[in-house]
file upload_3.cif (mmCIF, C-alpha atoms)
data_run
loop_
_atom_site.label_atom_id
_atom_site.label_comp_id
_atom_site.auth_asym_id
_atom_site.auth_seq_id
_atom_site.Cartn_x
_atom_site.Cartn_y
_atom_site.Cartn_z
CA LYS A 299 34.49 41.20 -4.65
CA THR A 300 31.91 43.54 -6.04
CA LEU A 301 31.65 46.85 -7.86
CA ASN A 302 28.09 48.09 -7.36
CA GLY A 303 27.02 44.48 -6.90
CA HIS A 304 29.24 43.06 -9.66
CA PRO A 305 32.25 40.84 -8.96
CA ILE A 306 35.36 42.12 -10.70
CA SER A 307 38.68 40.41 -11.44
CA VAL A 308 42.07 41.83 -12.38
CA THR A 309 44.29 39.28 -14.16
CA TYR A 310 48.06 39.48 -14.62
CA PHE A 311 49.71 37.66 -17.52
CA GLY A 312 53.43 36.87 -17.49
CA GLY A 313 55.64 36.86 -20.56
CA VAL A 314 57.16 39.47 -22.82
CA SER A 315 56.12 41.48 -25.88
CA ARG A 316 52.79 42.59 -24.45
CA VAL A 317 51.24 46.06 -24.67
CA SER A 318 50.16 45.57 -21.05
CA PRO A 319 50.16 42.46 -18.83
CA MET A 320 46.82 43.30 -17.18
CA GLY A 321 43.20 42.59 -17.98
CA VAL A 322 39.96 43.37 -16.13
CA THR A 323 36.65 41.48 -16.23
CA LEU A 324 33.32 42.64 -14.81
CA TYR A 325 30.91 39.78 -14.03
CA GLN A 326 27.14 39.31 -13.73
CA VAL A 327 26.36 42.17 -16.12
CA SER A 328 22.73 42.09 -17.24
CA SER A 329 21.67 42.50 -20.88
CA VAL A 330 20.32 45.99 -20.11
CA GLU A 331 23.61 47.00 -18.47
CA GLN A 332 25.53 45.63 -21.45
CA GLU A 333 23.43 47.73 -23.82
CA VAL A 334 24.13 50.88 -21.76
CA LEU A 335 27.88 50.13 -21.68
CA ASP A 336 27.85 49.41 -25.40
CA VAL A 337 26.40 52.86 -26.11
CA LEU A 338 29.00 54.53 -23.88
CA PHE A 339 31.95 52.68 -25.42
CA LYS A 340 30.79 53.50 -28.95
CA LEU A 341 31.34 57.17 -28.11
CA PHE A 342 35.05 56.40 -27.78
CA LYS A 343 35.23 53.78 -30.52
CA SER A 344 38.43 54.19 -32.55
CA GLY A 345 37.92 51.56 -35.24
CA GLU A 346 35.85 48.71 -36.56
CA VAL A 347 35.15 45.55 -34.57
CA VAL A 348 38.03 43.10 -34.98
CA LYS A 349 37.84 39.31 -34.85
CA GLN A 350 40.64 38.05 -32.60
CA GLY A 351 41.48 34.36 -32.69
CA VAL A 352 42.23 32.56 -29.40
CA GLY A 353 42.83 28.87 -29.95
CA ASP A 354 39.93 27.56 -32.01
CA LYS A 355 37.60 30.39 -30.96
CA GLN A 356 37.00 33.81 -32.52
CA VAL A 357 36.22 36.75 -30.22
CA SER A 358 34.85 40.15 -31.29
CA VAL A 359 37.10 42.93 -29.98
CA ILE A 360 36.02 46.57 -29.93
CA PRO A 361 38.95 49.07 -30.10
CA PHE A 362 38.40 52.42 -28.40
CA ASN A 363 40.39 55.41 -27.20
CA PHE A 364 39.90 57.07 -23.83
CA ARG A 365 41.99 60.14 -23.02
CA GLY A 366 44.77 58.98 -25.28
CA ASN A 367 44.78 55.41 -23.98
CA LYS A 368 44.11 52.74 -26.59
CA LEU A 369 42.01 49.94 -25.12
CA ALA A 370 40.12 46.87 -26.27
CA ILE A 371 36.80 45.64 -24.92
CA ALA A 372 34.56 42.63 -25.46
CA PHE A 373 31.10 41.60 -24.27
CA HIS A 374 30.77 37.87 -23.62
CA GLN A 375 27.95 36.01 -21.90
CA GLN A 376 27.17 38.11 -18.78
CA CYS A 377 30.62 39.68 -18.63
CA VAL A 378 32.63 42.61 -19.95
CA SER A 379 36.42 42.34 -20.37
CA ILE A 380 38.87 45.16 -21.05
CA SER A 381 42.62 45.39 -21.58
CA ARG A 382 45.24 47.45 -23.40
CA ASP A 383 46.46 44.25 -25.05
CA PRO A 384 43.88 42.84 -27.53
CA LYS A 385 45.27 39.29 -27.23
CA ILE A 386 44.90 39.32 -23.45
CA MET A 387 41.44 40.81 -23.78
CA ALA A 388 40.45 38.10 -26.26
CA TYR A 389 41.81 35.38 -23.93
CA LEU A 390 39.67 36.72 -21.08
CA ALA A 391 36.64 36.91 -23.34
CA LYS A 392 36.80 33.22 -24.27
CA GLU A 393 36.68 32.12 -20.62
CA ASP A 394 33.43 30.80 -19.14
CA CYS A 395 32.11 33.62 -16.91
CA SER A 396 29.84 31.32 -14.94
CA LYS A 397 32.84 29.61 -13.32
CA PHE A 398 33.87 32.74 -11.44
CA THR A 399 32.22 32.52 -8.04
CA PRO A 400 34.20 34.42 -5.36
CA ASP A 401 33.59 33.17 -1.85
CA SER A 402 35.35 36.04 -0.08
CA ASP A 403 35.52 39.82 -0.38
CA ALA A 404 38.73 39.66 -2.42
CA GLN A 405 40.85 36.86 -3.84
CA VAL A 406 44.23 36.49 -5.49
CA ILE A 407 44.42 33.30 -7.55
CA VAL A 408 47.83 32.12 -8.79
CA HIS A 409 47.59 29.67 -11.69
CA THR A 410 50.57 27.49 -10.83
CA LYS A 411 50.98 25.92 -14.28
CA GLU A 412 51.16 29.29 -16.04
CA PHE A 413 52.89 31.37 -13.35
CA PHE A 414 55.57 28.82 -12.39
CA THR A 415 56.04 27.34 -15.86
CA ALA A 416 59.65 26.21 -15.34
CA PHE A 417 59.00 24.77 -11.88
CA TYR A 418 55.52 23.33 -12.40
CA PRO A 419 56.66 19.70 -12.96
CA LEU A 420 58.65 19.94 -9.71
CA LEU A 421 55.72 21.50 -7.82
CA LYS A 422 53.28 18.90 -9.13
CA ASN A 423 55.33 15.69 -9.17
CA PHE A 424 57.67 16.27 -6.25
CA VAL A 425 56.23 18.81 -3.82
CA GLY A 426 52.69 17.59 -4.53
CA VAL A 427 50.91 20.87 -5.39
CA SER A 428 47.91 19.70 -7.42
CA GLY A 429 46.10 22.93 -8.34
CA ASP A 430 45.98 26.72 -8.20
CA ILE A 431 46.85 28.78 -5.12
CA LYS A 432 44.07 30.98 -3.76
CA PHE A 433 44.67 33.87 -1.35
CA SER A 434 41.49 35.21 0.28
CA PHE A 435 40.84 38.56 1.97
CA ARG A 436 37.90 40.05 3.84
CA TRP A 437 36.97 43.71 4.02
CA GLU A 438 37.22 45.27 7.47
CA GLU A 439 34.77 48.16 7.78
CA THR A 440 36.28 49.68 10.93
CA GLY A 441 39.76 49.98 9.47
CA SER A 442 38.61 50.43 5.85
CA ARG A 443 41.07 47.78 4.68
CA PHE A 444 41.41 44.23 3.45
CA VAL A 445 42.70 41.73 6.01
CA PRO A 446 43.98 38.20 5.22
CA ASP A 447 41.30 35.54 5.52
CA GLY A 448 43.02 32.40 4.32
CA THR A 449 45.06 30.69 1.63
CA ASN A 450 44.24 27.36 0.03
CA ILE A 451 46.70 25.16 -1.87
CA PRO A 452 45.46 21.72 -3.01
CA LEU A 453 47.92 18.89 -2.32
CA SER A 454 48.22 15.38 -3.69
CA SER A 455 48.64 12.35 -1.44
CA LYS A 456 52.33 12.18 -2.48
CA THR A 457 53.33 15.57 -1.09
CA ILE A 458 56.68 15.82 0.72
CA LEU A 459 55.39 18.60 2.97
CA GLY A 460 55.15 17.93 6.69
CA GLU A 461 54.81 19.88 9.92
CA ALA A 462 57.52 21.31 12.16
CA LYS A 463 57.88 24.05 14.74
CA LEU A 464 59.54 27.16 13.39
CA PRO A 465 62.68 28.18 15.32
CA GLU A 466 63.03 31.86 16.26
CA SER A 467 66.49 31.88 14.71
CA MET A 468 64.96 31.49 11.25
CA LEU A 469 62.86 34.63 11.79
CA GLN A 470 66.06 36.42 12.80
CA ALA A 471 67.57 35.47 9.43
CA ILE A 472 64.83 37.33 7.48
CA PRO A 473 65.81 40.99 6.84
CA ALA A 474 63.09 43.45 7.84
CA GLU A 475 63.18 44.97 4.34
CA ALA A 476 62.19 41.66 2.72
CA SER A 477 58.98 42.40 0.82
CA LEU A 478 58.10 38.76 0.27
CA TRP A 479 59.07 35.45 1.83
CA SER A 480 57.70 31.92 1.98
CA LEU A 481 58.75 28.86 3.94
CA ALA A 482 57.77 25.22 3.83
CA SER A 483 58.35 22.30 6.21
CA MET A 484 59.40 19.08 4.53
CA SER A 485 61.08 15.77 5.25
CA ASP A 486 64.75 16.09 6.14
CA PHE A 487 66.95 16.14 3.02
CA ARG A 488 70.33 16.46 4.76
CA PRO A 489 73.26 16.09 4.29
CA LEU A 490 73.54 18.52 1.41
CA ASP A 491 75.55 16.50 -1.06
CA ILE A 492 74.80 15.36 -4.59
CA SER A 493 74.29 11.65 -3.87
CA THR A 494 71.95 12.22 -0.90
CA LEU A 495 69.82 14.80 -2.70
CA SER A 496 69.66 12.69 -5.87
CA GLN A 497 68.23 9.80 -3.85
CA TYR A 498 65.89 12.22 -2.07
CA PHE A 499 64.42 13.38 -5.38
CA ILE A 500 64.22 9.87 -6.85
CA SER A 501 62.33 8.61 -3.79
CA ARG A 502 60.09 11.72 -3.76
CA GLY A 503 61.15 12.98 -0.38
CA LYS A 504 61.62 9.73 1.51
CA SER A 505 64.11 10.28 4.30
CA LYS A 506 65.81 8.11 6.90
CA SER A 507 65.16 10.84 9.45
CA LYS A 508 61.70 11.34 10.94
CA GLU A 509 62.47 15.00 11.46
CA ASN A 510 60.99 17.73 9.27
CA VAL A 511 62.96 20.86 8.44
CA GLN A 512 62.15 24.27 6.98
CA VAL A 513 63.26 25.77 3.69
CA LEU A 514 62.91 29.55 3.38
CA LEU A 515 62.74 31.61 0.17
CA ILE A 516 63.26 35.38 0.50
CA PHE A 517 62.67 38.17 -2.03
CA LEU A 518 64.75 41.29 -1.32
CA GLY A 519 63.67 43.53 -4.17
CA MET A 520 64.97 44.22 -7.64
CA GLY A 521 68.52 45.05 -8.63
CA GLU A 522 69.55 48.00 -10.79
CA LYS A 523 69.38 45.84 -13.91
CA GLY A 524 65.94 44.49 -13.04
CA GLU A 525 67.20 41.20 -11.64
CA SER A 526 65.24 39.59 -8.82
CA LYS A 527 67.30 39.51 -5.60
CA THR A 528 66.21 36.22 -4.10
CA ALA A 529 67.87 33.96 -1.56
CA ILE A 530 67.14 30.54 -0.12
CA ILE A 531 67.93 29.52 3.45
CA LEU A 532 68.51 25.88 4.36
CA PRO A 533 69.22 24.17 7.69
CA TYR A 534 72.91 23.32 7.69
CA ALA A 535 75.30 22.60 10.55
CA GLU A 536 78.43 21.57 8.62
CA SER A 537 81.26 24.07 8.21
CA SER A 538 84.25 22.09 6.99
CA PRO A 539 85.97 23.25 3.75
CA THR A 540 85.18 19.90 2.10
CA LYS A 541 81.45 20.19 2.81
CA MET A 542 81.40 23.79 1.64
CA GLN A 543 83.06 22.77 -1.62
CA GLN A 544 80.31 20.20 -2.16
CA ILE A 545 77.72 22.96 -1.73
CA THR A 546 79.48 25.00 -4.41
CA GLU A 547 79.45 22.05 -6.82
CA LEU A 548 75.82 21.24 -6.05
CA PHE A 549 74.34 24.69 -6.66
CA SER A 550 76.68 26.11 -9.30
CA GLU A 551 76.16 23.53 -12.06
CA THR A 552 74.69 26.12 -14.37
CA GLY A 553 76.12 28.42 -16.99
CA GLN A 554 73.65 31.18 -16.17
CA TYR A 555 75.04 32.38 -12.85
CA GLU A 556 77.24 31.43 -9.93
CA VAL A 557 75.48 30.68 -6.65
CA LYS A 558 77.18 32.21 -3.63
CA PHE A 559 76.61 31.12 -0.03
CA LYS A 560 77.19 32.12 3.59
CA LYS A 561 76.72 30.42 6.94
CA VAL A 562 74.19 32.59 8.82
CA CYS A 563 72.58 32.56 12.26
CA SER A 564 74.83 29.59 13.22
CA ASP A 565 72.40 26.90 12.00
CA TYR A 566 71.65 27.90 8.41
CA LEU A 567 73.15 28.24 4.98
CA ALA A 568 72.02 31.15 2.81
CA LEU A 569 72.41 30.82 -0.96
CA SER A 570 71.93 33.45 -3.64
CA PRO A 571 73.48 34.61 -6.92
CA TYR A 572 73.65 38.07 -5.31
CA LEU A 573 76.27 38.85 -2.67
CA GLU A 574 74.24 41.89 -1.55
CA ALA A 575 71.33 39.62 -0.57
CA LEU A 576 73.64 37.39 1.49
CA ASN A 577 75.12 40.44 3.21
CA GLN A 578 71.63 41.66 4.15
CA ILE A 579 70.76 38.28 5.69
CA GLU A 580 74.07 38.15 7.56
CA ALA A 581 73.50 41.65 8.96
CA SER A 582 70.08 40.55 10.27
CA CYS A 583 71.57 37.50 11.96
CA LEU A 584 74.29 39.62 13.58
CA LYS A 585 71.64 42.16 14.68
CA LYS A 586 73.41 44.90 12.73
CA SER A 587 70.14 45.64 10.94
CA PRO A 588 66.47 44.92 11.81
CA SER A 589 65.02 41.49 11.08
CA PHE A 590 61.49 40.13 10.69
CA LYS A 591 61.69 39.12 14.34
CA GLN A 592 61.24 42.81 15.22
CA TRP A 593 58.18 43.24 13.00
CA SER A 594 55.49 42.20 15.48
CA ASP A 595 55.38 40.33 18.79
CA ASN A 596 52.08 38.77 17.71
CA TYR A 597 53.62 37.57 14.43
CA ASN A 598 56.47 35.91 16.35
CA LYS A 599 54.19 34.34 18.94
CA GLN A 600 51.80 32.79 16.42
CA LEU A 601 54.52 31.59 14.06
CA ILE A 602 56.51 29.71 16.71
CA SER A 603 53.71 28.59 19.05
CA ALA A 604 52.59 25.57 16.99
CA PRO A 605 53.92 23.37 14.18
CA VAL A 606 53.40 24.78 10.67
CA MET A 607 53.51 23.22 7.23
CA ALA A 608 54.00 26.54 5.45
CA ALA A 609 53.93 30.30 5.98
CA SER A 610 54.05 33.28 3.65
CA PHE A 611 54.49 37.03 4.09
CA ILE A 612 53.96 39.88 1.64
CA HIS A 613 54.50 43.61 2.19
CA VAL A 614 52.34 45.13 -0.54
CA GLY A 615 53.64 48.65 0.04
CA GLU A 616 57.30 47.66 -0.21
CA LEU A 617 56.66 45.67 -3.39
CA ALA A 618 54.81 48.62 -4.94
CA ALA A 619 57.52 51.08 -3.89
CA GLN A 620 60.23 48.84 -5.38
CA SER A 621 58.31 48.65 -8.66
CA LEU A 622 57.95 52.43 -8.70
CA GLN A 623 61.67 52.90 -8.11
CA LEU A 624 62.58 50.39 -10.80
CA GLY A 625 60.45 52.16 -13.41
CA ALA A 626 61.33 55.77 -12.54
CA PRO A 627 64.42 57.47 -14.07
CA LYS A 628 66.94 58.76 -11.52
CA GLU A 629 66.06 62.40 -12.22
CA ILE A 630 62.40 61.65 -11.43
CA GLN A 631 63.37 59.98 -8.14
CA GLU A 632 64.70 63.32 -6.91
CA THR A 633 61.35 65.09 -7.25
CA ASP A 634 59.00 65.78 -4.33
CA GLU A 635 56.11 64.15 -6.24
CA TYR A 636 58.03 60.89 -6.55
CA LYS A 637 59.04 60.90 -2.88
CA GLN A 638 55.47 61.57 -1.76
CA SER A 639 54.16 58.79 -4.01
CA ARG A 640 56.68 56.36 -2.56
CA GLU A 641 55.74 57.29 1.01
CA LEU A 642 52.07 56.70 0.23
CA LEU A 643 52.82 53.29 -1.24
CA LEU A 644 54.82 52.27 1.82
CA GLU A 645 51.71 52.83 3.94
CA LEU A 646 49.96 49.94 2.18
CA PRO A 647 49.43 46.92 4.47
CA ASN A 648 51.43 43.75 4.93
CA TYR A 649 49.93 40.26 5.13
CA LEU A 650 51.05 37.07 6.85
CA TRP A 651 49.62 33.55 6.53
CA ALA A 652 50.56 30.28 8.24
CA GLY A 653 48.96 26.88 8.63
CA THR A 654 48.90 23.13 8.07
CA SER A 655 47.07 20.59 5.91
CA SER A 656 43.38 19.82 6.15
CA ALA A 657 41.25 17.55 3.93
CA GLY A 658 43.92 17.28 1.25
CA ASN A 659 44.65 21.01 1.16
CA LEU A 660 47.37 23.21 2.56
CA THR A 661 45.24 25.73 4.46
CA LEU A 662 46.91 28.90 5.67
CA LYS A 663 45.10 31.32 7.99
CA GLY A 664 45.73 35.04 8.07
CA ILE A 665 47.67 36.38 11.07
CA GLU A 666 47.10 39.96 12.17
#
call {"tool": "encode", "arguments": {"input": "upload_3.cif", "output": "structure tokens"}}
result
Amino acid sequence: KTLNGHPISVTYFGGVSRVSPMGVTLYQVSSVEQEVLDVLFKLFKSGEVVKQGVGDKQVSVIPFNFRGNKLAIAFHQQCVSISRDPKIMAYLAKEDCSKFTPDSDAQVIVHTKEFFTAFYPLLKNFVGVSGDIKFSFRWEETGSRFVPDGTNIPLSSKTILGEAKLPESMLQAIPAEASLWSLASMSDFRPLDISTLSQYFISRGKSKSKENVQVLLIFLGMGEKGESKTAIILPYAESSPTKMQQITELFSETGQYEVKFKKVCSDYLALSPYLEALNQIEASCLKKSPSFKQWSDNYNKQLISAPVMAASFIHVGELAAQSLQLGAPKEIQETDEYKQSRELLLELPNYLWAGTSSAGNLTLKGIE
């Protein structure tokens, strides 16, 4: 939340053709502090001030070089923004600093419209997500760490989300090595055939059944080619060849990839373009490899003790280690320095949230 009394934000920008996807902004910087910083940055100035256009606004960008790293900086209002990419830096500089008011020790804000560009109409018009997702953390002095405080997702009155108790069998289906997973409870969309699902979407989630069911999305790391190994798990009891053929037709109507599927944990259907992901889920169900169910007795107890609308888990260390592995050449991965770095990353904490709706928001509380 603060750096010597100043709130600080780190922003990630998706997309390609960027020098760097990150930008940093320091808030509540007084005029005296800005003058001091200006003097310091001029010592490393590597060129003249450049006017960078962002929309209909021009922002003054100062290029400078620090230990071989080319950076851009801008002073705006009571803020200072810095990035390796001048366009990102200029975008940050045009934002209104006064609107940033953190109400917890640390926050992660996901701008749904920008981050989920392809799925935003579905999230807004069908699921009913009506704003940005905010993850909050508080600093724990005794453990010198951030612990999850809560997550807030604004919902419209037309949301299809509901509440349902989470069966233990679904936790068994999550491989222990999954670095990220999210689940949501929604009105029952079964049976899984084209005509039923088409009507389900047209009616915005109206179902003949009063039962709510869970849909689970799992991230199992990156493949060798940088592809995202994701899988979705749906409640599904049918097993006839005819029904399975309908599933193939339903999820493989794309020229980009073929969706594969497996019946897992008796009551579910796992779907993924990656056979390796399905094999990992199947191994968890058959208890041939550890599952999330073995992570923590407290996690299990709190997840299944009461109805939930949604839950989400992230293992920061595993995500960081996967990113390190993806970016490191194979010869580097054999070095002691690389192995030590990976072990350190794996010690980073994991976070779990779960909850229901309150006052028009999906409110998830941190579980420790």
call {"tool": "closest_residue", "arguments": {"input": "upload_3.cif", "among": "A:Glu475, A:Glu574, A:Glu556, A:Asp394", "to": "Leu617 of chain A", "atoms": "all atoms listed in the file"}}
result
A:Glu475
call {"tool": "residues_around", "arguments": {"input": "upload_3.cif", "residues": "segment 447-450 of chain A", "least_positions_apart": "4", "cutoff": "8 Å", "atoms": "all atoms listed in the file", "output": "compact mmCIF listing (two decimals) with C-alpha atoms, in the frame of the given file"}}
result
# COMPACT_ATOMS: atom_id res chain seq x y z
CA ILE A 431 46.85 28.78 -5.12
CA LYS A 432 44.07 30.98 -3.76
CA PHE A 433 44.67 33.87 -1.35
CA SER A 434 41.49 35.21 0.28
CA PHE A 435 40.84 38.56 1.97
CA ARG A 436 37.90 40.05 3.84
CA TRP A 651 49.62 33.55 6.53
CA ASN A 659 44.65 21.01 1.16
CA LEU A 660 47.37 23.21 2.56
CA THR A 661 45.24 25.73 4.46
CA LEU A 662 46.91 28.90 5.67
CA LYS A 663 45.10 31.32 7.99
CA GLY A 664 45.73 35.04 8.07
call {"tool": "residues_around", "arguments": {"input": "upload_3.cif", "residues": "Gly658 of chain A", "least_positions_apart": "6", "cutoff": "9 Å", "atoms": "all atoms listed in the file", "output": "PyMOL selection string"}}
result
chain A and resi 451-455
call {"tool": "write_last_selection", "arguments": {"input": "upload_3.cif", "atoms": "C-alpha atoms", "output": "compact mmCIF listing (two decimals), in the coordinates of the input"}}
result
# COMPACT_ATOMS: atom_id res chain seq x y z
CA ILE A 451 46.70 25.16 -1.87
CA PRO A 452 45.46 21.72 -3.01
CA LEU A 453 47.92 18.89 -2.32
CA SER A 454 48.22 15.38 -3.69
CA SER A 455 48.64 12.35 -1.44
call {"tool": "atom_distance", "arguments": {"input": "upload_3.cif", "atom1": "atom CA of Ala608 of chain A", "atom2": "atom CA of Leu643 of chain A"}}
result
27.6 Å
call {"tool": "closest_residue", "arguments": {"input": "upload_3.cif", "among": "A:Ile407, A:Leu650, A:Ile458, A:Cys377", "to": "Asn423 of chain A", "atoms": "all atoms listed in the file"}}
result
A:Ile458
call {"tool": "residues_near_point", "arguments": {"input": "upload_3.cif", "point": "(78.4, 32.7, 6.7)", "cutoff": "10 Å", "atoms": "all atoms listed in the file", "output": "mmCIF file with C-alpha atoms, keeping the file's coordinate frame"}}
result
data_model
loop_
_atom_site.group_PDB
_atom_site.id
_atom_site.type_symbol
_atom_site.label_atom_id
_atom_site.label_comp_id
_atom_site.auth_asym_id
_atom_site.auth_seq_id
_atom_site.Cartn_x
_atom_site.Cartn_y
_atom_site.Cartn_z
ATOM 1 C CA SER A 537 81.260 24.070 8.210
ATOM 2 C CA PHE A 559 76.610 31.120 -0.030
ATOM 3 C CA LYS A 560 77.190 32.120 3.590
ATOM 4 C CA LYS A 561 76.720 30.420 6.940
ATOM 5 C CA VAL A 562 74.190 32.590 8.820
ATOM 6 C CA CYS A 563 72.580 32.560 12.260
ATOM 7 C CA SER A 564 74.830 29.590 13.220
ATOM 8 C CA ASP A 565 72.400 26.900 12.000
ATOM 9 C CA TYR A 566 71.650 27.900 8.410
ATOM 10 C CA LEU A 567 73.150 28.240 4.980
ATOM 11 C CA ALA A 568 72.020 31.150 2.810
ATOM 12 C CA LEU A 569 72.410 30.820 -0.960
ATOM 13 C CA LEU A 576 73.640 37.390 1.490
ATOM 14 C CA ASN A 577 75.120 40.440 3.210
ATOM 15 C CA ILE A 579 70.760 38.280 5.690
ATOM 16 C CA GLU A 580 74.070 38.150 7.560
ATOM 17 C CA CYS A 583 71.570 37.500 11.960
#
call {"tool": "residues_around", "arguments": {"input": "upload_3.cif", "residues": "Gln375 of chain A", "least_positions_apart": "2", "cutoff": "9 Å", "atoms": "only C-alpha atoms", "output": "list in words"}}
result
Gln326, Val327, Phe373, Cys377, Val378, Ala391, Asp394, Cys395 and Ser396 of chain A
call {"tool": "resolve_selection", "arguments": {"input": "upload_3.cif", "expression": "the PyMOL selection byres ((chain A and resi 517) around 9)", "output": "compact mmCIF listing (two decimals) with C-alpha atoms, keeping the file's coordinate frame"}}
result
# COMPACT_ATOMS: atom_id res chain seq x y z
CA ALA A 476 62.19 41.66 2.72
CA SER A 477 58.98 42.40 0.82
CA LEU A 478 58.10 38.76 0.27
CA TRP A 479 59.07 35.45 1.83
CA SER A 480 57.70 31.92 1.98
CA LEU A 515 62.74 31.61 0.17
CA ILE A 516 63.26 35.38 0.50
CA LEU A 518 64.75 41.29 -1.32
CA GLY A 519 63.67 43.53 -4.17
CA MET A 520 64.97 44.22 -7.64
CA SER A 526 65.24 39.59 -8.82
CA LYS A 527 67.30 39.51 -5.60
CA THR A 528 66.21 36.22 -4.10
CA ALA A 529 67.87 33.96 -1.56
CA ALA A 575 71.33 39.62 -0.57
